[in-house]
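Down below is the structure, laid out as structure tokens.
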Amino acid sequence: MNSALILAAGESRRMGSPKALLRYRKESFLDTLTGIFSGRCDPVIVVLGAHADEIRQRAVRPATFVVNAEYQRGQTSSLQCGLRAVPASAAGVLFTLVDHPAVAPATVDALLAPCTALLRVPRYRGERGHPIWFSRELTPEFLAIPADSAARDIVRAHAAETEFLEVDDPGILADIDDAAAYGRLMGGTQ
């Protein structure tokens with residue numbers, strides 16, 4: 001079984017309110033992702049930081065919540081915090097940021113299908129997106145990088161062991177960082 005890891009620790013400064021709580025498909029971003037992942041991964045781990053109490057209280061779907069006390073150090077510190085909660089028995093980790101709620105369930109199924117690659121990255125029309133899947137074997141490498149480094153350095157170091165999945169899913173590219181991006185997302189789905 002794979003675990004899922006959703007990073008929801010950021011301050012959401014550009015958005016002005018916690019992105020995890022924005023509405024999409026009649027649920028919050030967080031509940032949308034948790035719903036897609038929970039039938040396929042166990043556990044679904046959500047890393048909180050800024051707005052942790054509010055997000056946890058308003059989450060409807062069950063998840064394992066961990067709080068990154070050092071969330072201001074950036075995404076890598078939150079990734080590392082979440083990875084420490086992944087069970088040793090997990091075959092791999094399905095990883096995403098909470099501001100990517102539009103991924104299709106079929107894309108998640110494709111990412112989680114058995115494979116020999118160390119990483120799986122979805123692509124839509126040649127552009128890489130989220131979520132990504134990585135083998136448990138890479139966890140020590142992600143945990144060893146400095147918290148102010150970029151996790152993508154590990155991904156680049158394993159380019160030869162990465163499988164890129166071409167998917168018909170523009171949702172993998174929907175990165176909702178500000179009100180304009182949220183407006184575009186909501187304009188396409190009601």
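Scheme for the structure tokens: letters A, B, ... for chains in order shown; per-chain residue numbers from 1; ligand numbers from 1 in order shown.
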### Task
Please provide as a PyMOL selection string all residues within 12 Å of range 70-84 of chain A, with the sequence filter that same-chain residues fewer than 6 positions apart are discarded (counting only C-alpha atoms).
chain A and resi 3-12+43-52+64+90+92-98+134-154
### Task
Write out as an MDAnalysis selection string all residues of chain A that DSSP puts in helix (DSSP H, G or I) for this structure's backbone.
chainID A and resid 19:21 29:38 52:58 71:73 75:83 105:112 136:144 152:157 159:161 170:173 179:188
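In this structure, CA of Leu165 in chain A sits 24.6 Å away from CA of Ala181 in chain A.
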### Task
Using DSSP on the backbone coordinates, identify all residues within range 29-171 of chain A classified as strand (DSSP E or B); present the result as a count of residues only.
34
### Task
Within 12 Å of Gly187 in chain A, counting only C-alpha atoms, which residues show up once you throw out same-chain ones fewer than 5 positions away? Write them as an MDAnalysis selection string, please.
chainID A and resid 24:25 179:182
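With only C-alpha atoms as the atoms that count, the residue of A:Gly183, A:Gly126, A:Pro101, A:Pro62 with the shortest distance to Gly171 in chain A is A:Pro101.
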For range 32-146 of chain A versus range 172-177 of chain A, which residues have an atom no more than 9 Å away, and what is each residue's nearest atom pair and distance in Å rounded to one decimal, using only C-alpha atoms, chain-then-number order, as JSON lines?
{"residue": "A:Leu97", "atom": "CA", "partner": "A:Asp175", "partner_atom": "CA", "distance": 8.7}
{"residue": "A:Val98", "atom": "CA", "partner": "A:Ile176", "partner_atom": "CA", "distance": 8.9}
{"residue": "A:Asp99", "atom": "CA", "partner": "A:Ile176", "partner_atom": "CA", "distance": 5.1}
{"residue": "A:His100", "atom": "CA", "partner": "A:Asp175", "partner_atom": "CA", "distance": 5.1}
{"residue": "A:Pro101", "atom": "CA", "partner": "A:Ala174", "partner_atom": "CA", "distance": 7.5}
{"residue": "A:Ala102", "atom": "CA", "partner": "A:Ala174", "partner_atom": "CA", "distance": 6.5}
{"residue": "A:Val103", "atom": "CA", "partner": "A:Ile172", "partner_atom": "CA", "distance": 5.2}
{"residue": "A:Ala104", "atom": "CA", "partner": "A:Ile172", "partner_atom": "CA", "distance": 7.9}
{"residue": "A:Thr107", "atom": "CA", "partner": "A:Ile172", "partner_atom": "CA", "distance": 8.5}
{"residue": "A:Pro122", "atom": "CA", "partner": "A:Ile172", "partner_atom": "CA", "distance": 7.2}
{"residue": "A:Arg123", "atom": "CA", "partner": "A:Ile172", "partner_atom": "CA", "distance": 7.6}
{"residue": "A:Tyr124", "atom": "CA", "partner": "A:Ile172", "partner_atom": "CA", "distance": 7.3}
{"residue": "A:Glu127", "atom": "CA", "partner": "A:Leu173", "partner_atom": "CA", "distance": 7.6}
{"residue": "A:Arg128", "atom": "CA", "partner": "A:Leu173", "partner_atom": "CA", "distance": 7.2}
{"residue": "A:Gly129", "atom": "CA", "partner": "A:Ile172", "partner_atom": "CA", "distance": 4.7}
{"residue": "A:His130", "atom": "CA", "partner": "A:Ile172", "partner_atom": "CA", "distance": 5.0}
{"residue": "A:Pro131", "atom": "CA", "partner": "A:Ile172", "partner_atom": "CA", "distance": 6.9}
### Query
What's the 7 Å shell around Asp31 in chain A, counting only C-alpha atoms, without same-chain residues fewer than 2 positions away, as JSON, numbers by chain?
{"A": [27, 28, 29, 33, 34, 35, 59, 60, 61]}
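The nearest approach to Pro114 in chain A among the residues A:Ala91, A:Leu30, A:His158, A:Phe65, with only C-alpha atoms taken into account, belongs to A:Ala91.
Here CA of Glu163 in chain A is placed at a distance of 15.4 Å from CA of Arg125 in chain A.
Of note, CA of Arg58 in chain A and CA of Ser17 in chain A are spaced 13.5 Å apart.
Shortest atom-to-atom contact with Arg56 in chain A among A:Met1, A:Ser38, A:Asp109, A:Pro18: A:Pro18, counting only C-alpha atoms.
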